[in-house]
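The structure file input-v1.pdb is reproduced below (PDB, C-alpha atoms).
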```pdb
ATOM      1  CA  MET A   1      14.641  -7.055  -3.435
ATOM      2  CA  ASP A   2      18.110  -6.146  -4.746
ATOM      3  CA  LYS A   3      16.501  -3.345  -6.771
ATOM      4  CA  VAL A   4      15.003  -1.841  -3.606
ATOM      5  CA  LYS A   5      18.312  -2.021  -1.748
ATOM      6  CA  LYS A   6      20.110  -0.294  -4.621
ATOM      7  CA  LEU A   7      17.465   2.451  -4.815
ATOM      8  CA  LEU A   8      17.868   3.183  -1.105
ATOM      9  CA  GLU A   9      21.623   2.520  -0.775
ATOM     10  CA  ASN A  10      22.646   6.186  -0.577
ATOM     11  CA  LEU A  11      19.999   7.150   1.982
ATOM     12  CA  SER A  12      20.856   7.362   5.671
ATOM     13  CA  PRO A  13      17.823   9.118   7.146
ATOM     14  CA  SER A  14      17.649   9.889  10.829
ATOM     15  CA  LYS A  15      13.863  10.030  11.101
ATOM     16  CA  VAL A  16      11.592   8.044   8.777
ATOM     17  CA  LEU A  17       7.785   8.285   8.498
ATOM     18  CA  ASP A  18       5.566   5.601   6.940
ATOM     19  CA  ILE A  19       2.045   6.924   6.298
ATOM     20  CA  GLY A  20      -0.810   4.418   6.101
ATOM     21  CA  THR A  21       1.453   1.809   7.631
ATOM     22  CA  GLY A  22      -1.248  -0.813   8.238
ATOM     23  CA  VAL A  23       0.302  -3.762  10.082
ATOM     24  CA  GLY A  24       3.805  -2.540   9.216
ATOM     25  CA  GLU A  25       4.642  -4.487   6.063
ATOM     26  CA  PHE A  26       6.490  -1.558   4.467
ATOM     27  CA  ILE A  27       8.355  -0.841   7.711
ATOM     28  CA  THR A  28       9.790  -4.350   7.460
ATOM     29  CA  LEU A  29      10.951  -3.597   3.906
ATOM     30  CA  LEU A  30      12.577  -0.355   5.091
ATOM     31  CA  LYS A  31      14.325  -2.101   7.980
ATOM     32  CA  GLU A  32      15.761  -4.686   5.593
ATOM     33  CA  ASN A  33      16.881  -2.259   2.872
ATOM     34  CA  LEU A  34      17.860   1.101   4.394
ATOM     35  CA  PRO A  35      21.615   1.254   5.147
ATOM     36  CA  SER A  36      20.869   3.006   8.437
ATOM     37  CA  TYR A  37      18.229   4.983  10.335
ATOM     38  CA  GLU A  38      17.540   6.132  13.889
ATOM     39  CA  MET A  39      13.757   5.914  14.130
ATOM     40  CA  ILE A  40      10.940   4.728  11.879
ATOM     41  CA  THR A  41       7.476   6.044  12.764
ATOM     42  CA  GLY A  42       4.437   4.373  11.259
ATOM     43  CA  ILE A  43       1.006   6.008  11.353
ATOM     44  CA  ASP A  44      -2.435   4.774  10.380
ATOM     45  CA  ILE A  45      -5.922   6.156  10.903
ATOM     46  CA  GLU A  46      -7.232   2.788  12.147
ATOM     47  CA  GLU A  47      -6.421   1.987  15.773
ATOM     48  CA  ARG A  48      -7.092  -1.710  15.176
ATOM     49  CA  VAL A  49      -4.297  -2.119  12.631
ATOM     50  CA  ILE A  50      -1.850  -0.078  14.716
ATOM     51  CA  GLU A  51      -2.440  -2.478  17.607
ATOM     52  CA  MET A  52      -1.721  -5.357  15.221
ATOM     53  CA  ALA A  53       1.440  -3.617  14.003
ATOM     54  CA  ARG A  54       2.690  -3.143  17.561
ATOM     55  CA  LYS A  55       2.553  -6.903  18.026
ATOM     56  CA  ASN A  56       4.808  -7.302  14.985
ATOM     57  CA  PHE A  57       7.663  -5.132  16.277
ATOM     58  CA  ASP A  58       9.586  -5.473  19.535
ATOM     59  CA  ASP A  59      12.032  -2.757  18.579
ATOM     60  CA  PRO A  60      12.705   0.594  20.318
ATOM     61  CA  SER A  61      13.564   2.149  16.942
ATOM     62  CA  ILE A  62      10.003   1.559  15.674
ATOM     63  CA  ASN A  63       7.278   3.967  16.816
ATOM     64  CA  LEU A  64       3.627   3.394  15.879
ATOM     65  CA  GLU A  65       0.835   5.952  16.271
ATOM     66  CA  VAL A  66      -2.825   6.375  15.369
ATOM     67  CA  MET A  67      -2.968   9.471  13.176
ATOM     68  CA  ASN A  68      -4.598  10.842  10.030
ATOM     69  CA  GLY A  69      -2.085  11.375   7.236
ATOM     70  CA  GLU A  70      -4.120  14.332   5.949
ATOM     71  CA  SER A  71      -3.630  16.253   9.203
ATOM     72  CA  MET A  72      -0.523  15.218  11.127
ATOM     73  CA  ASP A  73       0.615  16.494  14.504
ATOM     74  CA  TYR A  74       4.279  16.775  13.487
ATOM     75  CA  GLU A  75       6.130  20.044  12.974
ATOM     76  CA  ASP A  76       7.306  21.177   9.550
ATOM     77  CA  GLY A  77      10.350  19.294   8.285
ATOM     78  CA  SER A  78      10.253  16.654  11.018
ATOM     79  CA  PHE A  79      11.359  13.717   8.829
ATOM     80  CA  ASP A  80      14.246  12.990   6.459
ATOM     81  CA  LEU A  81      12.317  10.295   4.601
ATOM     82  CA  VAL A  82       8.516  10.177   4.236
ATOM     83  CA  CYS A  83       6.965   7.044   2.718
ATOM     84  CA  LEU A  84       3.570   6.131   1.296
ATOM     85  CA  SER A  85       3.138   2.524   0.193
ATOM     86  CA  ASN A  86       0.106   1.081  -1.599
ATOM     87  CA  SER A  87      -2.046   3.880  -0.230
ATOM     88  CA  ILE A  88      -2.600   6.416  -3.019
ATOM     89  CA  HIS A  89      -5.744   4.523  -4.009
ATOM     90  CA  HIS A  90      -6.968   4.839  -0.403
ATOM     91  CA  LEU A  91      -6.607   8.628  -0.156
ATOM     92  CA  PRO A  92      -9.834  10.655   0.171
ATOM     93  CA  GLY A  93      -7.990  13.792  -0.929
ATOM     94  CA  ILE A  94      -4.787  13.244  -2.902
ATOM     95  CA  LYS A  95      -3.661  16.886  -3.080
ATOM     96  CA  LYS A  96      -4.281  17.493   0.625
ATOM     97  CA  SER A  97      -2.386  14.336   1.561
ATOM     98  CA  PHE A  98       0.607  15.168  -0.624
ATOM     99  CA  ASN A  99       0.753  18.738   0.689
ATOM    100  CA  GLU A 100       0.895  17.344   4.215
ATOM    101  CA  MET A 101       3.601  14.846   3.232
ATOM    102  CA  LYS A 102       5.712  17.647   1.768
ATOM    103  CA  ARG A 103       5.162  19.784   4.866
ATOM    104  CA  VAL A 104       6.646  17.221   7.265
ATOM    105  CA  THR A 105       9.563  16.366   4.930
ATOM    106  CA  SER A 106      12.800  18.260   5.628
ATOM    107  CA  ASN A 107      14.163  20.503   2.869
ATOM    108  CA  ASP A 108      16.966  18.021   2.155
ATOM    109  CA  GLY A 109      14.720  15.000   2.684
ATOM    110  CA  TYR A 110      13.135  12.482   0.358
ATOM    111  CA  ILE A 111       9.631  11.208  -0.317
ATOM    112  CA  LEU A 112       9.334   7.521  -1.223
ATOM    113  CA  ILE A 113       6.199   6.362  -3.028
ATOM    114  CA  ASN A 114       5.398   2.700  -3.616
ATOM    115  CA  GLU A 115       2.218   1.608  -5.371
ATOM    116  CA  MET A 116       0.959  -1.516  -7.107
ATOM    117  CA  PHE A 117      -0.343  -0.880 -10.628
ATOM    118  CA  LYS A 118      -2.903  -2.635 -12.781
ATOM    119  CA  ASP A 119      -1.481  -2.689 -16.318
ATOM    120  CA  ASN A 120       1.170  -4.959 -17.872
ATOM    121  CA  GLN A 121       0.707  -7.783 -15.375
ATOM    122  CA  SER A 122       1.068 -11.523 -15.968
ATOM    123  CA  GLU A 123      -2.047 -13.698 -15.880
ATOM    124  CA  GLU A 124      -1.218 -14.789 -12.316
ATOM    125  CA  GLN A 125      -0.701 -11.161 -11.290
ATOM    126  CA  GLN A 126      -3.939 -10.153 -12.995
ATOM    127  CA  THR A 127      -5.677 -12.418 -10.480
ATOM    128  CA  HIS A 128      -4.376 -10.069  -7.766
ATOM    129  CA  VAL A 129      -5.649  -7.025  -9.673
ATOM    130  CA  VAL A 130      -9.129  -8.532 -10.082
ATOM    131  CA  LEU A 131      -9.178  -9.650  -6.441
ATOM    132  CA  HIS A 132      -8.100  -6.218  -5.240
ATOM    133  CA  HIS A 133     -10.692  -4.372  -7.314
ATOM    134  CA  TRP A 134     -13.388  -6.772  -6.084
ATOM    135  CA  SER A 135     -12.473  -6.185  -2.431
ATOM    136  CA  ALA A 136     -12.187  -2.433  -3.076
ATOM    137  CA  LYS A 137     -15.754  -2.385  -4.397
ATOM    138  CA  ILE A 138     -16.929  -4.165  -1.245
ATOM    139  CA  SER A 139     -15.132  -1.516   0.830
ATOM    140  CA  ARG A 140     -16.888   1.268  -1.085
ATOM    141  CA  MET A 141     -20.230  -0.462  -0.543
ATOM    142  CA  LEU A 142     -19.416  -0.265   3.177
ATOM    143  CA  GLY A 143     -18.721   3.470   2.908
ATOM    144  CA  LYS A 144     -14.918   3.331   2.931
ATOM    145  CA  VAL A 145     -12.475   5.086   0.599
ATOM    146  CA  HIS A 146     -10.893   2.302  -1.453
ATOM    147  CA  ASN A 147     -10.469   2.999  -5.146
ATOM    148  CA  ASP A 148      -9.279   0.713  -7.925
ATOM    149  CA  THR A 149      -5.539   0.785  -8.519
ATOM    150  CA  TYR A 150      -3.975   3.000 -11.195
ATOM    151  CA  ASN A 151      -2.026   2.371 -14.374
ATOM    152  CA  LYS A 152       1.713   2.842 -13.944
ATOM    153  CA  ALA A 153       1.745   6.078 -15.968
ATOM    154  CA  GLU A 154      -1.094   7.503 -13.864
ATOM    155  CA  ILE A 155       0.902   6.982 -10.660
ATOM    156  CA  LYS A 156       3.844   9.014 -11.925
ATOM    157  CA  GLU A 157       1.504  11.704 -13.242
ATOM    158  CA  ILE A 158      -0.041  12.068  -9.773
ATOM    159  CA  LEU A 159       3.397  12.714  -8.286
ATOM    160  CA  LEU A 160       4.311  15.281 -10.938
ATOM    161  CA  GLU A 161       0.952  17.032 -10.540
ATOM    162  CA  ASN A 162       1.716  17.370  -6.829
ATOM    163  CA  ASP A 163       5.081  19.074  -7.394
ATOM    164  CA  LEU A 164       7.379  16.143  -6.697
ATOM    165  CA  LYS A 165      10.619  15.655  -8.619
ATOM    166  CA  VAL A 166      11.295  11.984  -9.384
ATOM    167  CA  ILE A 167      14.960  11.164  -8.675
ATOM    168  CA  ASP A 168      14.883   7.438  -9.390
ATOM    169  CA  GLU A 169      12.339   4.681  -9.949
ATOM    170  CA  ILE A 170      12.152   0.888 -10.064
ATOM    171  CA  GLU A 171       9.687  -1.958 -10.433
ATOM    172  CA  PHE A 172       9.803  -4.979  -8.134
ATOM    173  CA  LYS A 173       7.652  -7.934  -7.122
ATOM    174  CA  TYR A 174       6.782  -9.717  -3.922
ATOM    175  CA  VAL A 175       7.125 -13.424  -4.736
ATOM    176  CA  GLU A 176       4.086 -15.363  -3.529
ATOM    177  CA  PRO A 177       3.726 -19.153  -3.143
ATOM    178  CA  ASN A 178       1.759 -20.548  -6.075
ATOM    179  CA  THR A 179       1.250 -24.169  -5.082
ATOM    180  CA  GLN A 180      -2.003 -26.074  -5.379
ATOM    181  CA  GLU A 181      -2.399 -25.787  -1.607
ATOM    182  CA  SER A 182      -1.900 -22.005  -1.603
ATOM    183  CA  ARG A 183      -4.396 -21.644  -4.469
ATOM    184  CA  GLU A 184      -7.009 -23.640  -2.597
ATOM    185  CA  GLN A 185      -6.430 -21.597   0.574
ATOM    186  CA  LEU A 186      -6.861 -18.312  -1.300
ATOM    187  CA  SER A 187     -10.005 -19.593  -3.001
ATOM    188  CA  VAL A 188     -11.468 -20.341   0.426
ATOM    189  CA  GLN A 189     -10.410 -16.876   1.665
ATOM    190  CA  VAL A 190     -12.406 -15.220  -1.121
ATOM    191  CA  GLY A 191     -15.523 -16.979   0.127
ATOM    192  CA  THR A 192     -14.707 -16.039   3.720
ATOM    193  CA  ILE A 193     -14.323 -12.354   2.819
ATOM    194  CA  LEU A 194     -17.779 -12.363   1.261
ATOM    195  CA  ASP A 195     -19.343 -14.306   4.142
ATOM    196  CA  ASN A 196     -17.958 -11.785   6.655
ATOM    197  CA  VAL A 197     -19.715  -8.851   4.971
ATOM    198  CA  ARG A 198     -22.715 -10.569   3.404
ATOM    199  CA  ASP A 199     -25.278  -9.278   5.922
ATOM    200  CA  LYS A 200     -23.978  -5.715   5.546
ATOM    201  CA  ILE A 201     -24.168  -5.589   1.743
ATOM    202  CA  LYS A 202     -27.005  -7.987   0.846
ATOM    203  CA  ASP A 203     -29.438  -5.135   0.162
ATOM    204  CA  HIS A 204     -26.991  -3.204  -2.027
ATOM    205  CA  GLU A 205     -27.790  -3.010  -5.745
ATOM    206  CA  ALA A 206     -24.354  -4.439  -6.592
ATOM    207  CA  TYR A 207     -24.673  -7.453  -4.264
ATOM    208  CA  ASP A 208     -25.441  -9.983  -7.021
ATOM    209  CA  GLU A 209     -22.478  -8.736  -9.054
ATOM    210  CA  ILE A 210     -20.183  -9.099  -6.033
ATOM    211  CA  CYS A 211     -21.366 -12.678  -5.488
ATOM    212  CA  SER A 212     -20.927 -13.540  -9.165
ATOM    213  CA  THR A 213     -17.410 -12.095  -9.235
ATOM    214  CA  ALA A 214     -16.541 -14.035  -6.088
ATOM    215  CA  GLU A 215     -17.409 -17.309  -7.819
ATOM    216  CA  GLU A 216     -15.362 -16.322 -10.863
ATOM    217  CA  LEU A 217     -12.443 -15.375  -8.614
ATOM    218  CA  LYS A 218     -12.501 -18.645  -6.705
ATOM    219  CA  LYS A 219     -12.369 -20.512 -10.007
ATOM    220  CA  ARG A 220      -9.644 -18.233 -11.434
ATOM    221  CA  VAL A 221      -7.412 -18.633  -8.386
ATOM    222  CA  ILE A 222      -7.462 -22.420  -8.810
ATOM    223  CA  GLU A 223      -7.090 -22.507 -12.601
ATOM    224  CA  VAL A 224      -4.776 -19.536 -13.261
ATOM    225  CA  GLY A 225      -2.960 -19.045  -9.961
ATOM    226  CA  PHE A 226      -1.937 -15.932  -8.044
ATOM    227  CA  GLN A 227       1.065 -13.636  -7.839
ATOM    228  CA  GLY A 228       1.254 -10.169  -6.323
ATOM    229  CA  ALA A 229       0.959  -7.284  -8.782
ATOM    230  CA  THR A 230       4.189  -5.510  -9.692
ATOM    231  CA  GLN A 231       5.095  -2.604  -7.418
ATOM    232  CA  TYR A 232       6.246   0.807  -8.711
ATOM    233  CA  MET A 233       8.651   2.563  -6.334
ATOM    234  CA  LEU A 234       9.680   6.184  -6.904
ATOM    235  CA  LEU A 235      12.230   8.174  -4.904
ATOM    236  CA  CYS A 236      11.298  11.861  -4.974
ATOM    237  CA  LYS A 237      12.287  15.306  -3.742
ATOM    238  CA  LYS A 238      10.201  18.387  -3.105
ATOM    239  CA  HIS A 239      10.483  21.135  -5.732
TER     240      HIS A 239
END
```

Represent the supplied structure as structure tokens.
Amino acid sequence: MDKVKKLLENLSPSKVLDIGTGVGEFITLLKENLPSYEMITGIDIEERVIEMARKNFDDPSINLEVMNGESMDYEDGSFDLVCLSNSIHHLPGIKKSFNEMKRVTSNDGYILINEMFKDNQSEEQQTHVVLHHWSAKISRMLGKVHNDTYNKAEIKEILLENDLKVIDEIEFKYVEPNTQESREQLSVQVGTILDNVRDKIKDHEAYDEICSTAEELKKRVIEVGFQGATQYMLLCKKH
């Protein structure tokens, strides 16, 4: 994480916003790597995950709210640093979301984008890519917006197309345990994911393919192993 700390070392934002915060994983990264801040606000459209996030933080400088990142309640220029981590592939409308991000970013503020990508991964990391795309397809079968991840070049192109100026960029990895025990646990989790949604997707035309991929994944996890896909972090300004 030294690369992340160096990327953020000259930032001292007062108000930080994390869009699509989920259970707050990226907030933890910000807390550990920003030199200083006054308040970090995390928003997510799902009330369930915000309730989970609130259990993860007993900190008056962390504020968590249920809100749609495409239509936020905040005034123009409310935040000095606006973040979006591993969420571009979840956006129903990329242009609308980025316009809203730029709106709530102060004129002197920064936008921080972090996104896993699918190309140039190790064999262990490719397990993560395959697993993610499999679970994303299940989500789409359930009517949710969850696209496959992008190539690294595509991520940067999205930012440029939405009038962001890239100031700096890095790649980094979350190091995952890759023991025999962790492989076996993940293999079981793949089966559990499918079991939890089986009744909801069993009549879908892609059901057999999902089941077949699940068996291949369980075998791959054991034989190849698993590591998180490399993350692409870009520090940007509004044009």

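The smallest atom-to-atom distance between A:His128 and any of A:Cys211, A:Leu8, A:Ile155, A:Leu186, using only C-alpha atoms, is found for A:Leu186.
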
Exercise. Which residues fall under the PyMOL selection byres ((chain A and resi 118) around 12) in this file, as an NGL selection string?
Worked result: :A and (89 or 115-117 or 119-123 or 125-133 or 148-155 or 228-232)

Keeping C-alpha atoms for every residue in the selection just given, could you write it to a file as a tab-separated table (two decimals), keeping the file's coordinate frame?
```
chain	number	residue	atom	x	y	z
A	89	HIS	CA	-5.74	4.52	-4.01
A	115	GLU	CA	2.22	1.61	-5.37
A	116	MET	CA	0.96	-1.52	-7.11
A	117	PHE	CA	-0.34	-0.88	-10.63
A	119	ASP	CA	-1.48	-2.69	-16.32
A	120	ASN	CA	1.17	-4.96	-17.87
A	121	GLN	CA	0.71	-7.78	-15.38
A	122	SER	CA	1.07	-11.52	-15.97
A	123	GLU	CA	-2.05	-13.70	-15.88
A	125	GLN	CA	-0.70	-11.16	-11.29
A	126	GLN	CA	-3.94	-10.15	-13.00
A	127	THR	CA	-5.68	-12.42	-10.48
A	128	HIS	CA	-4.38	-10.07	-7.77
A	129	VAL	CA	-5.65	-7.02	-9.67
A	130	VAL	CA	-9.13	-8.53	-10.08
A	131	LEU	CA	-9.18	-9.65	-6.44
A	132	HIS	CA	-8.10	-6.22	-5.24
A	133	HIS	CA	-10.69	-4.37	-7.31
A	148	ASP	CA	-9.28	0.71	-7.92
A	149	THR	CA	-5.54	0.78	-8.52
A	150	TYR	CA	-3.98	3.00	-11.20
A	151	ASN	CA	-2.03	2.37	-14.37
A	152	LYS	CA	1.71	2.84	-13.94
A	153	ALA	CA	1.74	6.08	-15.97
A	154	GLU	CA	-1.09	7.50	-13.86
A	155	ILE	CA	0.90	6.98	-10.66
A	228	GLY	CA	1.25	-10.17	-6.32
A	229	ALA	CA	0.96	-7.28	-8.78
A	230	THR	CA	4.19	-5.51	-9.69
A	231	GLN	CA	5.10	-2.60	-7.42
A	232	TYR	CA	6.25	0.81	-8.71
```

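Nearest residue to A:Thr21 among A:Ser78, A:Asn114, A:Gln180, A:Ser87 is A:Ser87, counting all atoms listed in the file.
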
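Distance annotation: of A:Asp108, A:Glu65, A:Asp195, A:Asp59, the residue with the minimal separation from A:Ser12 is A:Asp108; atom set is all atoms listed in the file.
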
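Take the candidates A:Ile138, A:Leu11, A:Leu160, A:Asp44 and check each one against A:Tyr207 using only C-alpha atoms; the shortest distance goes to A:Ile138.
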
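Restricting the calculation to only C-alpha atoms, the smallest distance between A:Val197 and any of A:Ile167, A:Met52, A:Val221, A:Met141 is found for A:Met141.
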